[in-house]
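What follows is protein_28.txt (compact mmCIF, C-alpha atoms and all ligand atoms).
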```txt
# COMPACT_ATOMS: atom_id res chain seq x y z
CA MET A 1 45.38 -1.35 -20.95
CA ILE A 2 42.20 -2.85 -22.43
CA ALA A 3 42.54 -6.47 -23.53
CA ILE A 4 40.28 -7.93 -26.21
CA LEU A 5 39.56 -11.67 -26.39
CA GLY A 6 38.24 -12.46 -29.89
CA ALA A 7 40.23 -10.69 -32.62
CA GLY A 8 37.38 -10.85 -35.16
CA SER A 9 35.17 -8.16 -36.71
CA LEU A 10 33.81 -6.62 -33.51
CA GLY A 11 37.09 -6.98 -31.61
CA GLN A 12 38.98 -5.26 -34.43
CA LEU A 13 36.36 -2.51 -34.55
CA TRP A 14 36.84 -1.67 -30.84
CA ALA A 15 40.62 -2.03 -31.07
CA GLY A 16 40.61 0.34 -34.04
CA TYR A 17 38.64 3.08 -32.28
CA LEU A 18 40.15 2.81 -28.79
CA PRO A 19 43.44 4.71 -28.21
CA THR A 20 46.00 2.47 -29.95
CA ALA A 21 48.59 2.50 -27.20
CA LYS A 22 46.04 1.16 -24.74
CA VAL A 23 44.74 -2.05 -26.41
CA ALA A 24 45.99 -5.59 -26.94
CA PHE A 25 44.45 -8.78 -28.27
CA VAL A 26 44.46 -11.90 -26.14
CA PRO A 27 45.52 -14.85 -28.29
CA ARG A 28 43.66 -18.15 -28.21
CA HIS A 29 45.05 -20.34 -25.46
CA ASP A 30 46.47 -22.82 -28.00
CA GLU A 31 48.07 -20.03 -30.06
CA THR A 32 50.12 -18.33 -27.36
CA ALA A 33 53.26 -20.30 -28.09
CA VAL A 34 52.97 -20.34 -31.87
CA LEU A 35 52.15 -16.76 -32.85
CA CYS A 36 54.46 -15.83 -35.72
CA ALA A 37 54.01 -12.07 -35.21
CA ASN A 38 53.77 -10.10 -32.01
CA SER A 39 50.97 -7.92 -33.34
CA LEU A 40 47.97 -8.02 -35.68
CA SER A 41 47.73 -5.39 -38.42
CA TYR A 42 44.70 -4.54 -40.51
CA ARG A 43 43.06 -1.66 -42.29
CA LEU A 44 39.98 -0.22 -40.64
CA GLN A 45 37.47 1.64 -42.76
CA ARG A 46 35.70 3.96 -40.38
CA PHE A 47 32.04 4.84 -40.68
CA ASP A 48 32.90 8.36 -41.91
CA GLY A 49 34.65 6.76 -44.90
CA SER A 50 38.20 7.44 -43.69
CA ALA A 51 40.58 4.49 -43.47
CA ARG A 52 43.49 3.87 -41.13
CA SER A 53 46.07 1.17 -40.56
CA VAL A 54 45.79 -0.40 -37.15
CA THR A 55 48.42 -2.51 -35.39
CA VAL A 56 47.44 -4.19 -32.15
CA PRO A 57 49.92 -6.19 -30.05
CA TRP A 58 49.14 -9.71 -28.89
CA LEU A 59 49.12 -9.93 -25.12
CA THR A 60 51.58 -12.73 -24.56
CA SER A 61 53.10 -11.79 -21.24
CA PRO A 62 51.20 -12.14 -17.97
CA ALA A 63 53.08 -8.97 -16.93
CA GLY A 64 50.82 -6.86 -19.13
CA GLN A 65 47.77 -7.14 -16.86
CA PRO A 66 44.73 -5.41 -18.36
CA SER A 67 42.44 -3.03 -16.52
CA LEU A 68 39.48 -4.33 -18.54
CA LEU A 69 38.74 -7.41 -20.69
CA LEU A 70 36.38 -7.14 -23.67
CA VAL A 71 35.14 -10.52 -24.89
CA THR A 72 34.22 -10.48 -28.58
CA THR A 73 34.15 -14.19 -29.39
CA LYS A 74 31.00 -15.76 -30.87
CA ALA A 75 28.43 -16.84 -28.28
CA GLY A 76 29.21 -20.55 -28.67
CA ASP A 77 32.97 -20.00 -28.13
CA THR A 78 32.76 -17.66 -25.15
CA LEU A 79 32.62 -19.99 -22.15
CA GLY A 80 35.45 -22.15 -23.52
CA ALA A 81 37.59 -19.12 -24.39
CA LEU A 82 37.19 -17.73 -20.86
CA GLU A 83 37.75 -21.14 -19.21
CA SER A 84 41.22 -21.19 -20.74
CA ARG A 85 42.02 -17.48 -20.28
CA LEU A 86 40.48 -16.35 -16.98
CA PRO A 87 42.99 -18.16 -14.76
CA ASP A 88 45.59 -15.58 -16.01
CA LEU A 89 43.38 -12.61 -15.10
CA PRO A 90 43.21 -10.97 -11.63
CA PRO A 91 39.83 -11.66 -9.96
CA ASP A 92 38.86 -7.96 -9.90
CA THR A 93 39.35 -7.20 -13.62
CA PRO A 94 35.98 -6.27 -15.19
CA ILE A 95 34.91 -8.58 -18.03
CA VAL A 96 32.54 -7.19 -20.68
CA LEU A 97 30.66 -9.72 -22.83
CA PHE A 98 29.62 -8.51 -26.30
CA GLN A 99 27.80 -11.62 -27.59
CA ASN A 100 24.51 -11.43 -29.45
CA GLY A 101 21.49 -13.35 -28.24
CA MET A 102 21.22 -14.73 -24.74
CA GLY A 103 22.43 -17.74 -22.81
CA SER A 104 26.18 -17.33 -23.21
CA GLN A 105 26.27 -14.29 -20.89
CA GLN A 106 24.28 -16.12 -18.21
CA ALA A 107 26.58 -19.14 -18.50
CA VAL A 108 29.63 -16.92 -17.83
CA ALA A 109 27.97 -15.10 -14.90
CA ASP A 110 26.87 -18.44 -13.39
CA ARG A 111 30.35 -19.91 -13.82
CA TRP A 112 32.15 -16.89 -12.22
CA PRO A 113 29.53 -15.28 -9.91
CA HIS A 114 32.21 -13.56 -7.80
CA ARG A 115 33.96 -11.82 -10.70
CA PRO A 116 32.79 -8.43 -12.06
CA VAL A 117 30.99 -9.60 -15.22
CA LEU A 118 29.16 -7.10 -17.45
CA ALA A 119 27.26 -7.49 -20.70
CA ALA A 120 27.22 -5.07 -23.63
CA SER A 121 24.45 -4.87 -26.18
CA THR A 122 25.65 -3.09 -29.28
CA THR A 123 24.10 -2.01 -32.54
CA GLU A 124 27.50 -1.17 -34.07
CA GLY A 125 28.10 -3.23 -37.20
CA ALA A 126 31.46 -4.53 -38.43
CA ASN A 127 32.53 -7.06 -41.01
CA ARG A 128 35.68 -8.32 -42.69
CA PRO A 129 35.13 -8.72 -46.44
CA GLU A 130 38.72 -9.87 -46.87
CA ARG A 131 41.76 -10.71 -44.78
CA GLY A 132 43.37 -7.59 -43.36
CA GLN A 133 40.34 -5.38 -43.92
CA THR A 134 37.69 -4.45 -41.37
CA ILE A 135 34.71 -2.29 -42.21
CA HIS A 136 32.67 -0.28 -39.75
CA ALA A 137 29.48 -0.87 -41.71
CA GLY A 138 26.85 0.42 -39.31
CA LYS A 139 27.07 3.26 -36.80
CA GLY A 140 25.23 2.27 -33.67
CA GLU A 141 25.24 2.57 -29.89
CA THR A 142 26.37 0.36 -27.06
CA TRP A 143 24.73 -0.22 -23.67
CA VAL A 144 26.67 -1.74 -20.79
CA GLY A 145 25.16 -3.29 -17.67
CA ALA A 146 26.09 -5.55 -14.78
CA LEU A 147 25.48 -9.29 -14.69
CA THR A 148 27.04 -9.96 -11.27
CA ASP A 149 26.88 -7.96 -8.04
CA ARG A 150 30.57 -7.07 -8.16
CA ALA A 151 30.07 -5.45 -11.55
CA ARG A 152 27.36 -3.02 -10.44
CA PRO A 153 29.68 -0.22 -9.19
CA LEU A 154 31.85 -0.65 -12.29
CA ILE A 155 29.28 0.30 -14.95
CA ALA A 156 30.28 3.99 -14.96
CA PRO A 157 34.09 3.45 -15.14
CA VAL A 158 33.65 0.79 -17.85
CA VAL A 159 31.42 3.13 -19.89
CA GLN A 160 34.02 5.86 -19.47
CA ALA A 161 36.84 3.56 -20.63
CA LEU A 162 34.86 2.39 -23.69
CA ALA A 163 33.81 5.95 -24.54
CA THR A 164 37.48 6.89 -25.08
CA SER A 165 36.91 5.15 -28.45
CA GLY A 166 34.63 8.00 -29.56
CA LEU A 167 31.84 5.43 -30.10
CA THR A 168 28.54 6.04 -28.31
CA VAL A 169 28.35 4.12 -25.04
CA HIS A 170 25.70 4.24 -22.30
CA GLY A 171 25.31 2.65 -18.88
CA GLU A 172 22.27 0.37 -18.56
CA THR A 173 20.65 -0.61 -15.27
CA ASN A 174 18.50 -3.35 -16.86
CA ILE A 175 20.82 -5.09 -19.29
CA HIS A 176 18.61 -8.22 -19.39
CA GLN A 177 15.75 -6.19 -20.88
CA ARG A 178 18.18 -4.60 -23.37
CA LEU A 179 19.50 -8.02 -24.41
CA TRP A 180 15.97 -9.33 -24.78
CA ASP A 181 14.96 -6.30 -26.91
CA LYS A 182 17.75 -7.11 -29.37
CA LEU A 183 17.10 -10.85 -29.20
CA VAL A 184 13.44 -10.30 -30.18
CA VAL A 185 14.50 -8.55 -33.38
CA ASN A 186 17.22 -11.09 -34.20
CA ALA A 187 14.74 -13.94 -33.55
CA GLY A 188 12.42 -12.52 -36.22
CA ILE A 189 15.06 -11.81 -38.88
CA ASN A 190 18.24 -13.89 -38.65
CA ALA A 191 16.86 -17.43 -38.97
CA PHE A 192 14.60 -16.47 -41.90
CA THR A 193 17.50 -14.90 -43.80
CA ALA A 194 19.72 -17.94 -43.16
CA ILE A 195 17.05 -20.44 -44.22
CA LEU A 196 15.88 -18.45 -47.26
CA GLY A 197 19.36 -17.28 -48.25
CA CYS A 198 18.28 -13.66 -48.71
CA CYS A 199 19.07 -10.24 -47.27
CA ASN A 200 17.03 -8.81 -44.41
CA GLY A 201 14.44 -6.84 -46.41
CA ASP A 202 13.66 -9.71 -48.74
CA ILE A 203 12.22 -11.97 -46.02
CA LEU A 204 9.20 -9.67 -45.65
CA ASP A 205 7.37 -10.78 -48.82
CA HIS A 206 8.41 -14.39 -48.59
CA LYS A 207 5.67 -17.02 -48.14
CA PHE A 208 7.70 -18.92 -45.49
CA TYR A 209 8.09 -15.72 -43.40
CA LEU A 210 4.42 -14.71 -43.84
CA GLN A 211 3.31 -18.16 -42.76
CA HIS A 212 5.34 -18.22 -39.52
CA ILE A 213 5.88 -14.65 -38.31
CA GLU A 214 2.54 -14.30 -36.49
CA PRO A 215 2.79 -17.50 -34.38
CA LEU A 216 6.50 -16.74 -33.82
CA CYS A 217 5.61 -13.35 -32.30
CA VAL A 218 2.90 -14.98 -30.14
CA GLU A 219 5.49 -17.43 -28.77
CA ILE A 220 8.03 -14.67 -28.09
CA ALA A 221 5.40 -12.50 -26.35
CA ALA A 222 4.44 -15.41 -24.05
CA VAL A 223 8.08 -16.16 -23.15
CA LEU A 224 8.85 -12.46 -22.50
CA LYS A 225 5.88 -12.20 -20.16
CA ALA A 226 6.79 -15.38 -18.26
CA GLU A 227 10.40 -14.14 -17.96
CA GLY A 228 9.19 -10.98 -16.19
CA CYS A 229 10.36 -8.72 -19.03
CA GLN A 230 8.47 -5.67 -20.20
CA PRO A 231 5.39 -7.31 -21.77
CA LEU A 232 4.97 -6.72 -25.52
CA ALA A 233 1.95 -7.53 -27.68
CA PRO A 234 2.69 -9.90 -30.61
CA ASP A 235 1.80 -7.09 -33.06
CA THR A 236 4.33 -4.76 -31.41
CA ILE A 237 7.01 -7.44 -31.67
CA ARG A 238 6.23 -7.90 -35.37
CA GLU A 239 6.35 -4.14 -35.91
CA ARG A 240 9.82 -3.96 -34.27
CA ILE A 241 11.10 -6.84 -36.37
CA GLU A 242 9.78 -5.39 -39.62
CA THR A 243 11.02 -1.85 -38.86
CA VAL A 244 14.57 -3.20 -38.47
CA ALA A 245 14.23 -5.52 -41.49
CA ARG A 246 13.20 -2.52 -43.64
CA ARG A 247 15.90 -0.25 -42.17
CA THR A 248 18.58 -2.89 -42.85
CA ALA A 249 16.91 -4.20 -46.03
CA LYS A 250 20.12 -4.69 -48.02
CA ASN A 251 22.11 -6.23 -45.11
CA THR A 252 23.36 -9.77 -45.11
CA SER A 253 22.49 -10.79 -41.54
CA SER A 254 25.22 -12.21 -39.32
CA MET A 255 23.50 -15.60 -39.46
CA LEU A 256 23.31 -15.70 -43.25
CA SER A 257 26.93 -14.58 -43.40
CA ASP A 258 27.91 -17.41 -41.00
CA ARG A 259 25.98 -19.87 -43.17
CA GLN A 260 27.64 -18.60 -46.36
CA GLN A 261 31.09 -18.95 -44.79
CA GLY A 262 30.40 -22.42 -43.40
CA ARG A 263 30.67 -21.20 -39.79
CA THR A 264 28.62 -22.26 -36.80
CA THR A 265 25.71 -19.86 -36.37
CA GLU A 266 24.44 -18.32 -33.13
CA ILE A 267 20.97 -19.88 -33.58
CA ASP A 268 21.22 -21.70 -30.22
CA PHE A 269 21.49 -18.30 -28.50
CA ILE A 270 18.64 -16.69 -30.47
CA ASN A 271 15.58 -18.81 -31.44
CA GLY A 272 17.19 -21.77 -29.66
CA TYR A 273 17.33 -19.71 -26.45
CA VAL A 274 13.67 -18.66 -26.77
CA ALA A 275 12.79 -22.33 -27.36
CA ARG A 276 14.74 -23.50 -24.29
CA ARG A 277 13.21 -20.80 -22.06
CA GLY A 278 9.73 -21.61 -23.43
CA GLN A 279 10.15 -25.30 -22.69
CA ALA A 280 11.44 -24.56 -19.18
CA LEU A 281 8.47 -22.24 -18.53
CA GLY A 282 5.85 -24.65 -19.95
CA ILE A 283 5.13 -22.53 -23.06
CA ASP A 284 4.65 -24.14 -26.48
CA VAL A 285 7.37 -22.88 -28.85
CA PRO A 286 7.03 -24.95 -32.04
CA VAL A 287 8.02 -22.13 -34.44
CA ASN A 288 11.20 -21.28 -32.52
CA GLN A 289 12.04 -25.00 -32.42
CA MET A 290 11.37 -25.40 -36.15
CA LEU A 291 13.53 -22.36 -37.07
CA THR A 292 16.35 -23.59 -34.82
CA GLU A 293 16.20 -27.04 -36.40
CA GLN A 294 16.05 -25.72 -39.97
CA VAL A 295 19.03 -23.39 -39.42
CA ARG A 296 21.01 -26.30 -37.98
CA GLN A 297 20.14 -28.35 -41.06
CA VAL A 298 21.04 -25.72 -43.66
CA THR A 299 24.19 -24.79 -41.80
CA HIS A 300 25.22 -28.41 -41.75
CA ALA A 301 24.45 -28.64 -45.48
CA SER A 302 26.53 -25.54 -46.22
CA VAL A 303 29.72 -26.92 -44.68
CA ARG A 304 29.57 -30.27 -46.51
CA PRO A 305 32.32 -30.51 -49.15
P1 LIG A 401 33.99 -13.04 -35.59
O1 LIG A 401 33.81 -14.48 -35.95
O2 LIG A 401 34.40 -12.08 -36.65
O3 LIG A 401 35.06 -12.92 -34.40
C1 LIG A 401 35.16 -13.84 -33.36
C2 LIG A 401 36.64 -14.03 -33.09
O4 LIG A 401 36.79 -14.84 -31.93
C3 LIG A 401 37.38 -14.75 -34.23
O5 LIG A 401 38.52 -13.99 -34.60
C4 LIG A 401 37.80 -16.07 -33.60
O6 LIG A 401 39.05 -16.55 -34.11
C5 LIG A 401 37.92 -15.67 -32.15
N1 LIG A 401 37.85 -16.81 -31.22
C6 LIG A 401 37.07 -17.92 -31.29
N2 LIG A 401 37.35 -18.75 -30.27
C7 LIG A 401 38.31 -18.14 -29.53
C8 LIG A 401 39.02 -18.51 -28.36
N3 LIG A 401 38.79 -19.66 -27.75
N4 LIG A 401 39.95 -17.64 -27.87
C9 LIG A 401 40.22 -16.46 -28.49
N5 LIG A 401 39.58 -16.07 -29.63
C10 LIG A 401 38.65 -16.90 -30.13
O7 LIG A 401 32.64 -12.56 -34.93
P2 LIG A 401 32.13 -11.06 -34.72
O8 LIG A 401 31.32 -10.64 -35.87
O9 LIG A 401 33.25 -10.22 -34.27
O10 LIG A 401 31.10 -11.27 -33.51
C11 LIG A 401 31.54 -11.54 -32.19
C12 LIG A 401 30.33 -11.47 -31.25
O11 LIG A 401 29.83 -10.13 -31.25
C13 LIG A 401 29.15 -12.33 -31.71
O12 LIG A 401 28.46 -12.84 -30.60
C14 LIG A 401 28.27 -11.36 -32.46
O13 LIG A 401 26.92 -11.74 -32.49
C15 LIG A 401 28.46 -10.11 -31.62
N6 LIG A 401 28.19 -8.89 -32.38
C16 LIG A 401 28.87 -8.67 -33.54
C17 LIG A 401 28.60 -7.51 -34.25
C18 LIG A 401 29.30 -7.20 -35.54
O14 LIG A 401 28.96 -6.20 -36.17
N7 LIG A 401 30.28 -7.98 -35.99
C19 LIG A 401 27.64 -6.60 -33.77
C20 LIG A 401 26.97 -6.88 -32.57
C21 LIG A 401 27.28 -8.04 -31.87
O1 LIG A 402 21.75 -7.76 -35.75
C1 LIG A 402 21.55 -8.12 -36.90
C2 LIG A 402 22.34 -9.28 -37.38
O2 LIG A 402 22.55 -9.43 -38.58
O3 LIG A 402 22.76 -10.08 -36.51
C3 LIG A 402 20.47 -7.46 -37.73
C4 LIG A 402 19.73 -6.44 -36.87
C5 LIG A 402 19.50 -8.49 -38.24
C6 LIG A 402 21.07 -6.65 -38.86
O4 LIG A 402 21.57 -7.41 -39.89
```

Give the structure from this file in structure tokens form.
Ligand code: NAD
Ligand code: KPL
Amino acid sequence: MIAILGAGSLGQLWAGYLPTAKVAFVPRHDETAVLCANSLSYRLQRFDGSARSVTVPWLTSPAGQPSLLLVTTKAGDTLGALESRLPDLPPDTPIVLFQNGMGSQQAVADRWPHRPVLAASTTEGANRPERGQTIHAGKGETWVGALTDRARPLIAPVVQALATSGLTVHGETNIHQRLWDKLVVNAGINAFTAILGCCNGDILDHKFYLQHIEPLCVEIAAVLKAEGCQPLAPDTIRERIETVARRTAKNTSSMLSDRQQGRTTEIDFINGYVARRGQALGIDVPVNQMLTEQVRQVTHASVRP
């Protein structure tokens, strides 16, 4: 059985595509005793337009030990969620982290270096426009790679287990590079959309974006190089950012959506992560710092009553 910690948009997407009899959601630690139903039901609109009702049991009994744990909490919740849940899990159960950005995955691998910890980078897109409804809004692909030594031989079986969903899943030998590749694009789109309050394509003509994108790409290129990643010229980084912004022009980014719903954003794991790595490596990162600060400010403003 595959257990999923984080019964939100991405968790419901995987639960809805994986064979139904083989998945369960792990409740929050503080919810275990107070769940009023023993399953979660919702309607999943698949990418091909078809819709199906999905019912996923909550994993309340330690007897139902999973063969695999997918972690689909937000980056900022992940370490805490695992701190309270991992004591119940056998030490050899593979754990797959689906968080965007970077920093949360490393924190988990550092905290449990002897467990098989893997990271997934996915371009699948899911959202929940209303309670009880989950939409598979973007068909993408998922790459899975090892973060700890014990996870290395498990990449292939984990890919095989996830592929039973029918979604496209690949093994990845350099998951850090894959996570950085996605982070670079998110670092050039998400904060701008959240600050400007516009969809992805609309940042491209905005004065604030045009003023900061070039120095932002210079900062990211310097950090990538110092991190030992595949070096990218600032112009190439900008091209990647703008290709995705055009391809997803009408999208509300995850960060703007978090801002609109008064939720904590993942800025600390995107531009905030680049800023922290830059500072640690002696690289000036004023634009990443400014974007991180501005997102924190507007997010704070959006949750005020
Ligand atoms: P979400 O907010 O819809 O879901 C997160 C879920 O985690 C929520 O249901 C929340 O209640 C639950 N949660 C929070 N703390 C918990 C805890 N301590 N224990 C158990 N559950 C807890 O977010 P999402 O859109 O599903 O995104 C999850 C992660 O996946 C993020 O890092 C996001 O960047 C990444 N991601 C999402 C998508 C997508 O399309 N939604 C795509 C790629 C990556
Ligand atoms: O990953 C995304 C996000 O919103 O987090 C992009 C690529 C910007 C698409 O909206």

* Asked: Of the candidates A:Gly49, A:Gly188, A:Gly171, A:Gly262, which one gets nearest to ligand LIG 402 (chain A) if we count only C-alpha atoms and all ligand atoms?
  ->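 Comparing A:Gly49, A:Gly188, A:Gly171, A:Gly262 against ligand LIG 402 (chain A), the winner is A:Gly188.
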
Where is the centre and how long are the edges: axis-aligned box on ligand LIG 401 (chain A), 5 Å on each side, Å to one decimal, as JSON:
```
{"center_x": 33.6, "center_y": -12.9, "center_z": -32.2, "size_x": 23.3, "size_y": 23.5, "size_z": 18.9}
```

How would you report the residues lying within 8 Å of ligand LIG 402 (chain A), as a PDB file with C-alpha atoms, in the frame of the given file, if you count all atoms listed in the file?
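New file result04.pdb:
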```
ATOM      1  CA  ASN A 100      24.510 -11.430 -29.450  1.00  0.00           C
ATOM      2  CA  THR A 123      24.100  -2.010 -32.540  1.00  0.00           C
ATOM      3  CA  GLY A 125      28.100  -3.230 -37.200  1.00  0.00           C
ATOM      4  CA  LYS A 182      17.750  -7.110 -29.370  1.00  0.00           C
ATOM      5  CA  VAL A 185      14.500  -8.550 -33.380  1.00  0.00           C
ATOM      6  CA  ASN A 186      17.220 -11.090 -34.200  1.00  0.00           C
ATOM      7  CA  ILE A 189      15.060 -11.810 -38.880  1.00  0.00           C
ATOM      8  CA  ASN A 190      18.240 -13.890 -38.650  1.00  0.00           C
ATOM      9  CA  ASN A 200      17.030  -8.810 -44.410  1.00  0.00           C
ATOM     10  CA  VAL A 244      14.570  -3.200 -38.470  1.00  0.00           C
ATOM     11  CA  ALA A 245      14.230  -5.520 -41.490  1.00  0.00           C
ATOM     12  CA  THR A 248      18.580  -2.890 -42.850  1.00  0.00           C
ATOM     13  CA  ASN A 251      22.110  -6.230 -45.110  1.00  0.00           C
ATOM     14  CA  THR A 252      23.360  -9.770 -45.110  1.00  0.00           C
ATOM     15  CA  SER A 253      22.490 -10.790 -41.540  1.00  0.00           C
ATOM     16  CA  SER A 254      25.220 -12.210 -39.320  1.00  0.00           C
ATOM     17  CA  MET A 255      23.500 -15.600 -39.460  1.00  0.00           C
ATOM     18  CA  LEU A 256      23.310 -15.700 -43.250  1.00  0.00           C
TER      19      LEU A 256
END
```

* To do: Could you tell me how far atom C9 of ligand LIG 401 (chain A) lies from CA of Gly101 in chain A, in Å and to one decimal?
  =>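 Rounded to one decimal, the two atoms are 19.0 Å apart.
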
* Could the residues that lie within 7 Å of ligand LIG 401 (chain A), counting only C-alpha atoms and all ligand atoms, be listed as a ChimeraX atom specification? => /A:5-11,26-29,72-75,77-78,80-81,98-100,122-127

* Show which residues sit within 10 Å of Leu291 in chain A, as a ChimeraX atom specification. Count only C-alpha atoms, and ignore same-chain residues fewer than 2 positions away. => /A:187-188,190-192,194-195,212,216,267,271-272,275,286-289,293-297

* Have a look at CA of Ala51 in chain A and CA of Gln12 in chain A and let me know their distance in Å, one decimal. =>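 Calculated distance between CA of Ala51 in chain A and CA of Gln12 in chain A is 13.4 Å.
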
* Asked: Is there a way to get, as a ChimeraX atom specification, all residues within 10 Å of the point (30.5, 3.8, -20.0) in file coordinates, counting all atoms listed in the file?
  -> /A:142-145,154-164,168-172

Next, write the just-selected residues to a file, as a CSV table (one decimal), keeping the file's coordinate frame, keeping C-alpha atoms as the atom set.
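Written file, selection-v5.csv:
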```
chain,number,residue,atom,x,y,z
A,142,THR,CA,26.4,0.4,-27.1
A,143,TRP,CA,24.7,-0.2,-23.7
A,144,VAL,CA,26.7,-1.7,-20.8
A,145,GLY,CA,25.2,-3.3,-17.7
A,154,LEU,CA,31.8,-0.6,-12.3
A,155,ILE,CA,29.3,0.3,-15.0
A,156,ALA,CA,30.3,4.0,-15.0
A,157,PRO,CA,34.1,3.4,-15.1
A,158,VAL,CA,33.6,0.8,-17.8
A,159,VAL,CA,31.4,3.1,-19.9
A,160,GLN,CA,34.0,5.9,-19.5
A,161,ALA,CA,36.8,3.6,-20.6
A,162,LEU,CA,34.9,2.4,-23.7
A,163,ALA,CA,33.8,6.0,-24.5
A,164,THR,CA,37.5,6.9,-25.1
A,168,THR,CA,28.5,6.0,-28.3
A,169,VAL,CA,28.4,4.1,-25.0
A,170,HIS,CA,25.7,4.2,-22.3
A,171,GLY,CA,25.3,2.6,-18.9
A,172,GLU,CA,22.3,0.4,-18.6
```

* Find the spatial neighbours of Ile135 in chain A, counting only C-alpha atoms, within a cut-off of 8 Å - ignore same-chain residues fewer than 5 positions away - and output them as number ranges by chain. => A: 13, 44-47, 126-129

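Considering all atoms listed in the file, the residue among A:Ser53, A:Thr292, A:Thr93, A:Thr148 positioned nearest to Gln105 in chain A is A:Thr148.
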
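Put simply, CA of Cys217 in chain A is 7.4 Å away from CA of Asp235 in chain A.
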
* Given the choices A:Lys22, A:Arg152, A:His136, A:Arg131, which gets closest to Leu118 in chain A if the distance is worked out from all atoms listed in the file? -> A:Arg152

* Structure fact -> In terms of all atoms listed in the file, the residue from A:Gly282, A:Asp205, A:Ser257, A:Thr265 at minimal distance from Val223 in chain A is A:Gly282

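With all atoms listed in the file as the basis for measurement, A:Gln177 is the residue among A:Ser84, A:Ser165, A:Gln177, A:Ser67 that approaches Glu227 in chain A most closely.
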
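With distances restricted to only C-alpha atoms, A:Leu167 is the closest residue to Lys139 in chain A from A:Val184, A:Leu59, A:Ala109, A:Leu167.
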
* **Answer as a ChimeraX atom specification, residues within 7 Å of (21.2, -15.4, -26.1) using all atoms listed in the file** => /A:100-104,183,269-270,273
